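Dropping target_13.cif in here (mmCIF, C-alpha atoms and all ligand atoms):
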data_start
loop_
_atom_site.label_atom_id
_atom_site.label_comp_id
_atom_site.auth_asym_id
_atom_site.auth_seq_id
_atom_site.Cartn_x
_atom_site.Cartn_y
_atom_site.Cartn_z
CA MET A 604 -37.20 -69.94 12.39
CA PRO A 605 -38.79 -72.79 14.40
CA LEU A 606 -37.64 -73.00 18.00
CA SER A 607 -35.44 -75.95 18.90
CA HIS A 608 -37.11 -78.49 21.19
CA ARG A 609 -36.83 -77.78 24.90
CA THR A 610 -38.47 -79.65 27.75
CA PHE A 611 -39.96 -77.83 30.71
CA GLU A 612 -37.71 -79.88 33.01
CA ALA A 613 -34.61 -78.75 31.13
CA ARG A 614 -35.70 -75.11 31.39
CA LEU A 615 -36.37 -75.53 35.12
CA ALA A 616 -32.92 -77.03 35.66
CA GLU A 617 -31.38 -74.13 33.75
CA PHE A 618 -33.33 -71.64 35.91
CA ARG A 619 -31.95 -73.23 39.07
CA GLU A 620 -28.45 -73.20 37.64
CA GLN A 621 -28.73 -69.49 36.75
CA ARG A 622 -29.95 -68.33 40.21
CA PHE A 623 -29.26 -64.59 39.60
CA GLY A 624 -30.84 -62.33 37.01
CA LEU A 625 -31.27 -58.70 36.01
CA PHE A 626 -34.71 -57.09 35.99
CA ILE A 627 -34.89 -54.04 33.68
CA HIS A 628 -37.71 -51.51 34.13
CA TRP A 629 -37.50 -49.02 31.28
CA GLY A 630 -40.06 -46.82 29.55
CA LEU A 631 -41.47 -43.31 29.38
CA TYR A 632 -41.49 -43.08 33.19
CA ALA A 633 -37.64 -43.02 33.05
CA LEU A 634 -37.91 -39.49 31.66
CA ALA A 635 -40.01 -38.44 34.65
CA ALA A 636 -37.18 -39.99 36.72
CA ARG A 637 -39.42 -40.48 39.74
CA HIS A 638 -41.05 -43.94 39.69
CA GLU A 639 -42.65 -46.27 37.17
CA TRP A 640 -46.07 -45.51 38.71
CA VAL A 641 -45.60 -41.73 38.25
CA LYS A 642 -48.61 -41.52 35.92
CA GLN A 643 -50.90 -43.05 38.53
CA ARG A 644 -49.33 -41.46 41.60
CA GLU A 645 -49.56 -37.98 40.13
CA ARG A 646 -52.89 -38.70 38.45
CA LEU A 647 -51.48 -37.66 35.08
CA THR A 648 -53.89 -37.65 32.17
CA ASP A 649 -52.69 -38.99 28.83
CA ALA A 650 -52.17 -35.39 27.73
CA ALA A 651 -50.06 -34.56 30.79
CA TYR A 652 -47.96 -37.69 30.24
CA GLN A 653 -47.56 -37.09 26.47
CA PRO A 654 -44.39 -34.93 26.69
CA TYR A 655 -42.46 -38.00 27.86
CA PHE A 656 -43.56 -39.77 24.67
CA ASP A 657 -42.75 -36.76 22.51
CA HIS A 658 -39.22 -36.54 23.97
CA PHE A 659 -38.32 -40.23 24.16
CA ASP A 660 -34.99 -40.45 22.32
CA PRO A 661 -32.45 -42.47 24.39
CA ASP A 662 -29.20 -41.30 22.80
CA LEU A 663 -27.05 -43.25 25.29
CA PHE A 664 -28.88 -46.55 24.74
CA ASP A 665 -26.23 -49.29 24.49
CA PRO A 666 -27.68 -52.77 25.10
CA GLY A 667 -24.25 -54.33 24.69
CA ALA A 668 -23.03 -52.29 27.66
CA TRP A 669 -26.10 -53.34 29.64
CA ALA A 670 -25.42 -57.01 28.89
CA GLU A 671 -21.74 -56.67 29.78
CA THR A 672 -22.62 -54.99 33.07
CA ALA A 673 -25.07 -57.76 33.94
CA ALA A 674 -22.59 -60.50 33.04
CA ALA A 675 -19.83 -58.82 35.06
CA ALA A 676 -22.20 -58.67 38.04
CA GLY A 677 -22.56 -62.43 37.83
CA MET A 678 -26.08 -62.35 36.42
CA ARG A 679 -27.09 -65.21 34.15
CA TYR A 680 -30.40 -63.95 32.73
CA MET A 681 -32.48 -60.83 32.16
CA VAL A 682 -36.17 -59.89 32.25
CA LEU A 683 -37.15 -56.72 30.33
CA THR A 684 -40.34 -54.66 30.65
CA THR A 685 -41.71 -54.79 27.12
CA LYS A 686 -44.69 -52.71 28.27
CA HIS A 687 -45.44 -51.47 31.77
CA HIS A 688 -48.76 -50.25 33.14
CA ASP A 689 -48.58 -46.94 31.25
CA GLY A 690 -49.14 -48.90 28.03
CA PHE A 691 -46.00 -47.70 26.22
CA CYS A 692 -44.49 -50.44 24.04
CA LEU A 693 -40.73 -50.86 23.61
CA TRP A 694 -41.29 -52.61 20.27
CA ASP A 695 -43.13 -51.60 17.08
CA SER A 696 -46.48 -53.22 17.83
CA ALA A 697 -48.88 -53.51 14.89
CA LEU A 698 -51.73 -53.12 17.40
CA THR A 699 -51.03 -49.62 18.65
CA GLY A 700 -49.34 -46.34 17.79
CA TYR A 701 -48.31 -45.98 21.45
CA SER A 702 -44.88 -47.45 20.92
CA VAL A 703 -41.26 -46.51 20.46
CA ALA A 704 -41.78 -46.59 16.67
CA HIS A 705 -43.73 -43.34 16.90
CA THR A 706 -41.35 -41.51 19.22
CA PRO A 707 -38.34 -39.49 18.05
CA TYR A 708 -36.25 -42.62 18.63
CA LYS A 709 -38.35 -44.67 16.16
CA LYS A 710 -36.34 -47.92 16.31
CA ASP A 711 -37.23 -51.20 18.00
CA LEU A 712 -35.66 -51.58 21.44
CA VAL A 713 -36.66 -55.12 22.35
CA GLY A 714 -34.74 -56.83 19.53
CA PRO A 715 -31.36 -55.18 20.18
CA ILE A 716 -31.68 -55.83 23.91
CA VAL A 717 -32.57 -59.50 23.40
CA ASP A 718 -29.75 -59.92 20.87
CA ALA A 719 -27.16 -58.25 23.11
CA PHE A 720 -27.98 -60.35 26.17
CA ARG A 721 -28.14 -63.57 24.17
CA ALA A 722 -24.81 -62.75 22.54
CA ARG A 723 -23.32 -62.39 26.04
CA GLY A 724 -24.69 -65.83 26.96
CA LEU A 725 -27.51 -64.64 29.24
CA GLY A 726 -31.08 -65.89 29.20
CA VAL A 727 -33.85 -63.53 28.10
CA GLY A 728 -37.31 -63.00 29.55
CA PHE A 729 -40.17 -60.55 29.06
CA TYR A 730 -42.13 -58.69 31.65
CA HIS A 731 -45.51 -57.66 30.19
CA SER A 732 -48.16 -55.65 31.96
CA LEU A 733 -51.68 -57.09 32.08
CA ILE A 734 -53.02 -53.65 32.97
CA ASP A 735 -52.80 -50.74 30.56
CA TRP A 736 -53.67 -47.22 31.60
CA HIS A 737 -53.49 -45.93 28.03
CA HIS A 738 -55.69 -48.38 26.16
CA PRO A 739 -59.20 -47.02 25.43
CA ASP A 740 -60.86 -50.33 26.32
CA PHE A 741 -58.92 -51.08 29.49
CA PRO A 742 -61.47 -51.06 32.32
CA ILE A 743 -61.12 -48.03 34.58
CA ASP A 744 -60.15 -49.32 38.03
CA GLY A 745 -59.02 -48.04 41.37
CA LEU A 746 -55.43 -47.98 40.19
CA HIS A 747 -56.11 -46.10 36.97
CA PRO A 748 -54.62 -42.59 36.73
CA GLN A 749 -58.03 -41.15 35.89
CA PHE A 750 -59.12 -42.60 39.23
CA GLY A 751 -62.71 -41.87 39.99
CA SER A 752 -63.77 -41.85 36.37
CA GLU A 753 -66.88 -43.92 35.91
CA GLU A 754 -66.17 -47.00 33.85
CA ALA A 755 -67.20 -45.65 30.43
CA PRO A 756 -70.05 -47.79 29.08
CA ASP A 757 -68.31 -48.10 25.72
CA ARG A 758 -65.20 -49.75 27.17
CA ASP A 759 -65.08 -53.19 25.62
CA ILE A 760 -63.14 -55.66 27.78
CA ALA A 761 -63.29 -58.25 24.95
CA LYS A 762 -61.45 -55.85 22.67
CA TYR A 763 -58.88 -55.17 25.39
CA ARG A 764 -58.45 -58.91 25.95
CA GLN A 765 -57.84 -59.38 22.20
CA TYR A 766 -55.24 -56.59 22.32
CA LEU A 767 -53.48 -58.14 25.32
CA HIS A 768 -53.30 -61.60 23.74
CA GLY A 769 -52.30 -60.12 20.39
CA GLN A 770 -49.34 -58.22 21.85
CA VAL A 771 -48.13 -61.26 23.79
CA GLU A 772 -48.27 -63.17 20.50
CA GLU A 773 -46.21 -60.47 18.77
CA LEU A 774 -43.56 -60.64 21.49
CA LEU A 775 -43.33 -64.42 21.57
CA THR A 776 -43.10 -64.85 17.81
CA ARG A 777 -40.72 -62.03 16.83
CA TYR A 778 -37.63 -62.53 18.99
CA GLY A 779 -36.75 -66.21 18.94
CA ARG A 780 -36.47 -68.30 22.10
CA ILE A 781 -37.82 -66.54 25.18
CA ASP A 782 -37.05 -68.19 28.50
CA THR A 783 -39.45 -66.44 30.90
CA MET A 784 -42.82 -64.71 30.63
CA TRP A 785 -43.23 -62.37 33.60
CA LEU A 786 -46.86 -61.17 33.39
CA ASP A 787 -47.99 -58.54 35.86
CA PHE A 788 -50.48 -58.24 37.59
CA SER A 789 -54.04 -59.15 38.41
CA TYR A 790 -56.13 -57.43 40.99
CA SER A 791 -56.77 -60.15 43.47
CA THR A 792 -53.03 -60.63 43.85
CA ARG A 793 -52.82 -57.01 45.01
CA ARG A 794 -56.01 -56.96 47.05
CA ARG A 795 -55.04 -60.05 48.99
CA GLY A 796 -51.46 -59.09 49.73
CA GLY A 797 -49.87 -60.69 46.76
CA ARG A 798 -51.37 -64.15 47.17
CA LEU A 799 -53.17 -65.85 44.33
CA THR A 800 -56.90 -66.22 44.35
CA PRO A 801 -57.55 -68.31 41.24
CA GLY A 802 -60.46 -67.15 39.13
CA GLY A 803 -60.51 -63.61 40.45
CA LYS A 804 -61.50 -60.47 38.54
CA GLY A 805 -58.32 -60.37 36.50
CA ALA A 806 -58.42 -63.98 35.38
CA ALA A 807 -61.82 -63.33 33.79
CA ASP A 808 -60.84 -59.99 32.29
CA TRP A 809 -57.64 -61.33 30.76
CA ASP A 810 -58.97 -64.83 30.07
CA SER A 811 -55.87 -66.04 31.85
CA PRO A 812 -56.26 -69.74 30.97
CA ALA A 813 -56.31 -68.92 27.25
CA LEU A 814 -53.41 -66.48 27.62
CA LEU A 815 -51.34 -69.07 29.48
CA GLU A 816 -52.10 -71.66 26.81
CA LEU A 817 -51.03 -69.20 24.11
CA VAL A 818 -47.72 -68.51 25.87
CA ARG A 819 -46.93 -72.18 26.28
CA ARG A 820 -47.90 -73.01 22.70
CA LEU A 821 -45.72 -70.28 21.24
CA GLN A 822 -42.74 -70.93 23.51
CA PRO A 823 -42.59 -74.59 24.64
CA GLY A 824 -40.69 -74.96 27.91
CA ILE A 825 -41.01 -71.28 28.83
CA LEU A 826 -41.39 -70.43 32.54
CA VAL A 827 -44.44 -68.32 33.39
CA ASN A 828 -44.80 -66.48 36.68
CA ASP A 829 -47.73 -66.44 39.11
CA ARG A 830 -49.42 -63.10 38.46
CA LEU A 831 -52.08 -64.19 35.99
CA GLU A 832 -54.30 -65.14 38.92
CA ILE A 833 -54.09 -68.78 37.92
CA PRO A 834 -51.13 -70.93 38.98
CA GLY A 835 -47.92 -70.42 37.00
CA ASP A 836 -44.53 -72.11 37.18
CA PHE A 837 -42.92 -69.94 39.85
CA VAL A 838 -43.99 -67.55 42.59
CA THR A 839 -42.64 -64.00 42.80
CA PRO A 840 -42.18 -62.54 46.31
CA GLU A 841 -41.57 -58.89 45.66
CA GLN A 842 -39.21 -56.74 47.72
CA PHE A 843 -39.20 -59.10 50.67
CA GLN A 844 -37.34 -62.26 51.63
CA PRO A 845 -39.64 -65.14 52.60
CA PRO A 846 -38.68 -66.21 56.16
CA GLN A 847 -39.10 -69.86 55.16
CA PRO A 848 -38.59 -71.58 51.80
CA PRO A 849 -41.85 -71.14 49.84
CA GLY A 850 -41.84 -74.83 49.01
CA GLU A 851 -42.29 -74.21 45.29
CA VAL A 852 -40.19 -72.79 42.49
CA TRP A 853 -39.67 -69.15 43.32
CA GLU A 854 -37.87 -66.00 42.29
CA ALA A 855 -37.53 -63.02 44.59
CA CYS A 856 -37.52 -59.66 42.84
CA GLN A 857 -35.78 -56.72 44.44
CA THR A 858 -34.94 -53.13 43.57
CA LEU A 859 -31.62 -51.45 44.21
CA ASP A 860 -33.27 -48.45 45.88
CA GLY A 861 -36.99 -49.06 46.35
CA SER A 862 -37.99 -47.88 42.86
CA TRP A 863 -38.34 -50.16 39.84
CA GLY A 864 -38.20 -47.29 37.37
CA TYR A 865 -35.29 -44.84 37.35
CA ASP A 866 -35.62 -42.47 40.30
CA ARG A 867 -33.08 -39.67 39.98
CA ASP A 868 -33.39 -38.26 43.51
CA ASN A 869 -33.49 -41.60 45.28
CA HIS A 870 -30.48 -42.12 47.52
CA ASP A 871 -31.78 -45.16 49.37
CA GLY A 872 -29.62 -47.62 47.51
CA LYS A 873 -29.11 -50.94 49.23
CA PRO A 874 -25.45 -51.64 50.11
CA VAL A 875 -23.66 -54.42 48.26
CA ASP A 876 -23.33 -56.52 51.41
CA LEU A 877 -27.10 -56.51 51.95
CA LEU A 878 -27.81 -57.46 48.34
CA VAL A 879 -25.25 -60.28 48.55
CA ARG A 880 -26.95 -61.59 51.67
CA MET A 881 -30.31 -61.43 49.92
CA LEU A 882 -28.89 -63.52 47.10
CA VAL A 883 -27.32 -66.02 49.51
CA ASP A 884 -30.48 -66.19 51.61
CA THR A 885 -32.57 -66.76 48.48
CA VAL A 886 -30.39 -69.56 47.15
CA SER A 887 -30.21 -71.17 50.61
CA LYS A 888 -34.01 -71.43 50.32
CA ASP A 889 -33.89 -72.82 46.77
CA GLY A 890 -34.88 -69.56 45.07
CA ASN A 891 -33.61 -67.20 42.38
CA LEU A 892 -33.01 -63.48 42.77
CA LEU A 893 -34.06 -61.01 40.06
CA LEU A 894 -32.35 -57.71 40.89
CA ASN A 895 -33.62 -54.60 39.14
CA VAL A 896 -32.01 -51.67 37.37
CA GLY A 897 -34.04 -48.81 35.93
CA PRO A 898 -32.09 -47.23 33.05
CA ASN A 899 -32.52 -43.46 32.84
CA GLY A 900 -34.32 -41.52 30.11
CA ARG A 901 -31.19 -41.45 27.92
CA GLY A 902 -30.82 -45.24 28.12
CA ALA A 903 -27.91 -45.43 30.53
CA PHE A 904 -27.49 -47.21 33.87
CA ASP A 905 -27.08 -44.74 36.71
CA PRO A 906 -23.50 -44.53 38.13
CA ARG A 907 -24.84 -45.63 41.53
CA ALA A 908 -26.33 -48.76 39.99
CA LEU A 909 -23.10 -49.48 38.12
CA GLU A 910 -21.07 -49.17 41.34
CA THR A 911 -23.38 -51.53 43.21
CA LEU A 912 -23.37 -54.10 40.43
CA ARG A 913 -19.59 -53.87 40.26
CA GLY A 914 -19.35 -54.71 43.96
CA ILE A 915 -21.70 -57.66 43.60
CA GLY A 916 -19.71 -58.84 40.60
CA GLU A 917 -16.51 -58.93 42.66
CA TRP A 918 -18.22 -61.08 45.29
CA MET A 919 -19.63 -63.34 42.59
CA ARG A 920 -16.20 -63.65 40.99
CA LEU A 921 -14.95 -65.10 44.28
CA HIS A 922 -18.03 -67.03 45.41
CA GLY A 923 -20.31 -67.62 42.44
CA ARG A 924 -19.70 -71.35 42.83
CA SER A 925 -21.68 -71.22 46.10
CA ILE A 926 -24.62 -69.75 44.13
CA TYR A 927 -24.86 -71.16 40.61
CA GLY A 928 -26.67 -74.48 40.66
CA ALA A 929 -26.44 -74.50 44.46
CA GLY A 930 -29.44 -74.78 46.75
CA PRO A 931 -30.52 -75.58 50.31
CA SER A 932 -28.51 -77.96 52.48
CA THR A 933 -29.76 -80.96 54.42
CA PHE A 934 -27.88 -79.45 57.36
CA THR A 935 -29.40 -76.68 59.47
CA ALA A 936 -27.25 -73.59 59.38
CA PRO A 937 -26.00 -72.04 62.66
CA PRO A 938 -27.50 -68.76 63.86
CA ASP A 939 -26.72 -65.78 61.61
CA CYS A 940 -25.48 -68.15 58.94
CA ARG A 941 -26.78 -69.67 55.72
CA TYR A 942 -25.79 -72.90 54.04
CA THR A 943 -25.86 -73.37 50.33
CA GLN A 944 -24.96 -76.78 49.04
CA LYS A 945 -23.99 -78.12 45.66
CA GLY A 946 -23.42 -81.85 45.44
CA ASP A 947 -21.07 -82.76 48.30
CA ARG A 948 -19.85 -79.21 48.77
CA LEU A 949 -21.30 -77.30 51.71
CA TYR A 950 -20.88 -73.53 51.71
CA LEU A 951 -21.12 -71.76 55.06
CA HIS A 952 -22.09 -68.10 54.70
CA LEU A 953 -21.58 -66.08 57.86
CA PHE A 954 -23.93 -63.11 58.06
CA ALA A 955 -22.46 -62.10 61.41
CA TRP A 956 -18.92 -62.79 62.56
CA PRO A 957 -18.93 -65.62 65.17
CA TYR A 958 -17.19 -63.86 68.03
CA ARG A 959 -18.86 -66.44 70.24
CA HIS A 960 -19.63 -70.12 69.99
CA VAL A 961 -20.79 -71.35 66.65
CA HIS A 962 -22.55 -74.69 66.81
CA LEU A 963 -22.20 -76.63 63.59
CA PRO A 964 -23.75 -80.02 62.81
CA GLY A 965 -21.86 -82.60 64.90
CA LEU A 966 -19.54 -79.91 66.16
CA ALA A 967 -19.94 -77.53 69.09
CA GLY A 968 -17.94 -74.80 70.61
CA ARG A 969 -15.25 -72.66 69.09
CA ALA A 970 -12.54 -75.30 69.55
CA ARG A 971 -14.45 -77.71 67.34
CA TYR A 972 -15.24 -74.81 65.05
CA ALA A 973 -11.51 -74.23 64.71
CA GLN A 974 -11.13 -77.92 63.93
CA LEU A 975 -13.75 -77.59 61.22
CA LEU A 976 -11.73 -74.77 59.72
CA ASP A 977 -8.64 -76.96 59.77
CA ASP A 978 -10.67 -79.67 58.06
CA ALA A 979 -11.83 -77.26 55.43
CA SER A 980 -10.22 -77.86 52.06
CA GLU A 981 -10.42 -74.15 51.36
CA ILE A 982 -11.36 -71.17 53.48
CA ARG A 983 -12.15 -67.77 52.14
CA VAL A 984 -13.09 -64.94 54.40
CA VAL A 985 -14.67 -62.10 52.50
CA THR A 986 -16.66 -59.03 53.25
CA ALA A 987 -18.61 -57.00 50.76
CA ASP A 988 -15.41 -55.08 50.26
CA PRO A 989 -13.35 -57.28 47.98
CA ALA A 990 -10.23 -55.35 48.98
CA VAL A 991 -10.48 -57.09 52.34
CA ASP A 992 -10.43 -60.55 50.82
CA SER A 993 -6.85 -61.71 50.69
CA GLY A 994 -7.56 -65.44 50.70
CA ASN A 995 -7.23 -65.50 54.48
CA THR A 996 -7.10 -68.97 55.86
CA ARG A 997 -7.42 -67.96 59.51
CA LEU A 998 -10.13 -66.06 61.34
CA PRO A 999 -8.84 -62.55 61.83
CA PRO A 1000 -11.22 -60.10 63.55
CA LEU A 1001 -13.10 -59.08 60.44
CA PRO A 1002 -16.42 -57.24 60.15
CA PRO A 1003 -19.51 -59.31 59.33
CA GLY A 1004 -19.09 -60.75 55.89
CA THR A 1005 -19.32 -64.05 54.14
CA LEU A 1006 -17.09 -66.94 55.03
CA THR A 1007 -17.10 -69.62 52.41
CA LEU A 1008 -15.87 -73.03 53.44
CA ARG A 1009 -15.47 -75.75 50.88
CA LEU A 1010 -15.20 -79.07 52.64
CA PRO A 1011 -16.37 -82.58 51.99
CA VAL A 1012 -19.81 -82.97 53.51
CA ARG A 1013 -19.78 -85.67 56.16
CA ARG A 1014 -23.18 -87.24 56.69
CA PRO A 1015 -24.09 -87.28 60.41
CA GLY A 1016 -22.75 -90.47 62.01
CA VAL A 1017 -20.39 -91.20 59.12
C1 LIG B 1101 -45.78 -54.71 40.16
C2 LIG B 1101 -45.74 -53.39 39.39
O1 LIG B 1101 -46.88 -52.63 39.75
C3 LIG B 1101 -44.48 -52.62 39.76
O2 LIG B 1101 -44.45 -51.39 39.08
C4 LIG B 1101 -43.26 -53.48 39.37
O3 LIG B 1101 -43.27 -53.69 37.96
C5 LIG B 1101 -43.34 -54.81 40.15
C6 LIG B 1101 -42.22 -55.75 39.76
O4 LIG B 1101 -44.59 -55.48 39.89
O5 LIG B 1101 -45.88 -54.42 41.53
C7 LIG B 1101 -46.72 -55.17 42.31
C8 LIG B 1101 -47.59 -56.09 41.78
C9 LIG B 1101 -48.40 -56.86 42.62
C10 LIG B 1101 -48.33 -56.66 43.99
C11 LIG B 1101 -47.45 -55.73 44.52
C12 LIG B 1101 -46.65 -54.97 43.68
N1 LIG B 1101 -49.17 -57.44 44.86
O6 LIG B 1101 -49.89 -58.30 44.36
O7 LIG B 1101 -49.12 -57.22 46.10
#

Transcribe the structure of this file into structure tokens.
Amino acid sequence: MPLSHRTFEARLAEFREQRFGLFIHWGLYALAARHEWVKQRERLTDAAYQPYFDHFDPDLFDPGAWAETAAAAGMRYMVLTTKHHDGFCLWDSALTGYSVAHTPYKKDLVGPIVDAFRARGLGVGFYHSLIDWHHPDFPIDGLHPQFGSEEAPDRDIAKYRQYLHGQVEELLTRYGRIDTMWLDFSYSTRRRGGRLTPGGKGAADWDSPALLELVRRLQPGILVNDRLEIPGDFVTPEQFQPPQPPGEVWEACQTLDGSWGYDRDNHDGKPVDLLVRMLVDTVSKDGNLLLNVGPNGRGAFDPRALETLRGIGEWMRLHGRSIYGAGPSTFTAPPDCRYTQKGDRLYLHLFAWPYRHVHLPGLAGRARYAQLLDDASEIRVVTADPAVDSGNTRLPPLPPGTLTLRLPVRRPGV
């Protein structure tokens, strides 16, 4: 069915309205339950990695539950790993037998996931790995599990390039409207600390200009990220918060616990309050946040992930209006604070409770601060623990949290 017309500008406006999305890293590595790079980190040969393929049968897979969890967390879109670096495909690709179709599970995973998230009103995007440690023609490189192998003379990069483009075409023609193409990654981005060096090794290997043209032709208005080694539509700071606004369209991507793939023994989960601040900080700098969950080998979200997303969802239920479609303010936020602004509504987010003076634009000193609070049309004092939020309208001694003021924005001097 032909895709309805969509302008790039309309898609960009939608992206800014959405602000908060779910990244899903899922594949054979979920059975290893250690990290999505387990094949490379443990130098596993294809044969050593094969048992994960032979046992892939996610009996708890419920994409409707995934979509409901994301929506309840306040997320407005999703990006799914269709294929990660290990080369395993979550759809029945005509170009390889290394896909879910040949595992005990057999059925397509991408379609049900896309359908479930769309049915819940969320946008859908695809992560797709440019590197492929399983493909016979993928050039051996320093990141390849068989590290140290000489690049076999019979490896044909042109054949690999054809495979890469062919699979992207499969994905962008089988599942209707796709909102984001999250390609990942080319070497110079890694070698130079994540910054683009147009025309590097990867761009030539992948023929990035032709791949980008293919993506845009198949999905008009789609947003493409910056990891093709040629400029895309948005930059992707990974697991760090840029100290200053990047000055271009951007989406931060973050894990819950340091691992993109499911990591069973990882107990380094970020607290809800920190993740909320990351989201607020990102939006205050005109960015989006893509927060990751790695479903386990049976296709379920880990209870720890569910608990964290539930806590974020409670905060978003109360304060989503300071996030969706909001962005940076023309005012400079006080220390330990962030401003997000939407139209004439200024939202003050306190990252640390102002037990001392808080200097606000045109106001100084706690007395004036108190006056600001009186001026505020609505005051909500919340912490990451929603139980604390009782719609307080005064400043009780609360732990650091997020104070959201909704007040008409007075232009300086007005
Ligand atoms: C890549 C993947 O390797 C990783 O497994 C995950 O999918 C993440 C979202 O993306 O990680 C990268 C890619 C590029 C850089 C760093 C991590 N880089 O250019 O510095």

Selection: 10 Å around range 673-681 of chain A, only C-alpha atoms, excl. self and same-chain fewer than 3 positions, as a PDB file with C-alpha atoms, keeping the file's coordinate frame:
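Contents of the output file out16.pdb:
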ATOM      1  CA  GLU A 617     -31.380 -74.130  33.750  1.00  0.00           C
ATOM      2  CA  PHE A 618     -33.330 -71.640  35.910  1.00  0.00           C
ATOM      3  CA  GLU A 620     -28.450 -73.200  37.640  1.00  0.00           C
ATOM      4  CA  GLN A 621     -28.730 -69.490  36.750  1.00  0.00           C
ATOM      5  CA  ARG A 622     -29.950 -68.330  40.210  1.00  0.00           C
ATOM      6  CA  PHE A 623     -29.260 -64.590  39.600  1.00  0.00           C
ATOM      7  CA  GLY A 624     -30.840 -62.330  37.010  1.00  0.00           C
ATOM      8  CA  LEU A 625     -31.270 -58.700  36.010  1.00  0.00           C
ATOM      9  CA  PHE A 626     -34.710 -57.090  35.990  1.00  0.00           C
ATOM     10  CA  ILE A 627     -34.890 -54.040  33.680  1.00  0.00           C
ATOM     11  CA  GLY A 667     -24.250 -54.330  24.690  1.00  0.00           C
ATOM     12  CA  ALA A 668     -23.030 -52.290  27.660  1.00  0.00           C
ATOM     13  CA  TRP A 669     -26.100 -53.340  29.640  1.00  0.00           C
ATOM     14  CA  ALA A 670     -25.420 -57.010  28.890  1.00  0.00           C
ATOM     15  CA  ILE A 716     -31.680 -55.830  23.910  1.00  0.00           C
ATOM     16  CA  VAL A 717     -32.570 -59.500  23.400  1.00  0.00           C
ATOM     17  CA  PHE A 720     -27.980 -60.350  26.170  1.00  0.00           C
ATOM     18  CA  ARG A 721     -28.140 -63.570  24.170  1.00  0.00           C
ATOM     19  CA  ARG A 723     -23.320 -62.390  26.040  1.00  0.00           C
ATOM     20  CA  GLY A 724     -24.690 -65.830  26.960  1.00  0.00           C
ATOM     21  CA  LEU A 725     -27.510 -64.640  29.240  1.00  0.00           C
ATOM     22  CA  GLY A 726     -31.080 -65.890  29.200  1.00  0.00           C
ATOM     23  CA  VAL A 727     -33.850 -63.530  28.100  1.00  0.00           C
ATOM     24  CA  GLY A 728     -37.310 -63.000  29.550  1.00  0.00           C
ATOM     25  CA  PHE A 729     -40.170 -60.550  29.060  1.00  0.00           C
ATOM     26  CA  TYR A 730     -42.130 -58.690  31.650  1.00  0.00           C
ATOM     27  CA  ASP A 782     -37.050 -68.190  28.500  1.00  0.00           C
ATOM     28  CA  THR A 783     -39.450 -66.440  30.900  1.00  0.00           C
ATOM     29  CA  LEU A 892     -33.010 -63.480  42.770  1.00  0.00           C
ATOM     30  CA  LEU A 893     -34.060 -61.010  40.060  1.00  0.00           C
ATOM     31  CA  LEU A 894     -32.350 -57.710  40.890  1.00  0.00           C
ATOM     32  CA  ASN A 895     -33.620 -54.600  39.140  1.00  0.00           C
ATOM     33  CA  VAL A 896     -32.010 -51.670  37.370  1.00  0.00           C
ATOM     34  CA  LEU A 909     -23.100 -49.480  38.120  1.00  0.00           C
ATOM     35  CA  THR A 911     -23.380 -51.530  43.210  1.00  0.00           C
ATOM     36  CA  LEU A 912     -23.370 -54.100  40.430  1.00  0.00           C
ATOM     37  CA  ARG A 913     -19.590 -53.870  40.260  1.00  0.00           C
ATOM     38  CA  GLY A 914     -19.350 -54.710  43.960  1.00  0.00           C
ATOM     39  CA  ILE A 915     -21.700 -57.660  43.600  1.00  0.00           C
ATOM     40  CA  GLY A 916     -19.710 -58.840  40.600  1.00  0.00           C
ATOM     41  CA  GLU A 917     -16.510 -58.930  42.660  1.00  0.00           C
ATOM     42  CA  TRP A 918     -18.220 -61.080  45.290  1.00  0.00           C
ATOM     43  CA  MET A 919     -19.630 -63.340  42.590  1.00  0.00           C
ATOM     44  CA  ARG A 920     -16.200 -63.650  40.990  1.00  0.00           C
ATOM     45  CA  HIS A 922     -18.030 -67.030  45.410  1.00  0.00           C
ATOM     46  CA  GLY A 923     -20.310 -67.620  42.440  1.00  0.00           C
ATOM     47  CA  ILE A 926     -24.620 -69.750  44.130  1.00  0.00           C
ATOM     48  CA  TYR A 927     -24.860 -71.160  40.610  1.00  0.00           C
TER      49      TYR A 927
END

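Proximity ranking of A:Arg764, A:Arg637, A:His687, A:Arg867 relative to ligand LIG 1101 (chain B) places A:His687 first, based on only C-alpha atoms and all ligand atoms.
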
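When CA of Gly902 in chain A is paired with CA of Gly630 in chain A, their separation reads 9.5 Å.
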
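The nearest approach to ligand LIG 1101 (chain B) among the residues A:Thr648, A:Thr672, A:Thr685, A:Thr610, with all atoms listed in the file taken into account, belongs to A:Thr685.
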
Exercise: Arg644 in chain A partners within 10 Å, only C-alpha atoms, chain neighbours under 5 positions left out, as a PyMOL selection string: chain A and resi 638-639+746-748

Distance in Å - atom C4 of ligand LIG 1101 (chain B) versus CA of Phe664 in chain A: 21.7 Å

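Between Gly861 in chain A and the residues A:Ile833, A:Gly897, A:Ala929, A:Arg880, the shortest atom-to-atom distance, using all atoms listed in the file, involves A:Gly897.
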
For Arg901 in chain A, the nearest of the candidates A:Gly872, A:Pro661, A:Gly928, A:Gly835, counting all atoms listed in the file: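 Of A:Gly872, A:Pro661, A:Gly928, A:Gly835, the one nearest Arg901 in chain A, counting all atoms listed in the file, is A:Pro661.
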
Expected answer as a ChimeraX atom specification: all residues with atoms within 6 Å of (-36.1, -42.8, 34.2), all atoms listed in the file: /A:632-636,864-865,899-900

Interatomic distance, CA of Gly714 in chain A to CA of Leu767 in chain A (Å, one decimal):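 Computed distance, CA of Gly714 in chain A to CA of Leu767 in chain A, equals 19.7 Å.
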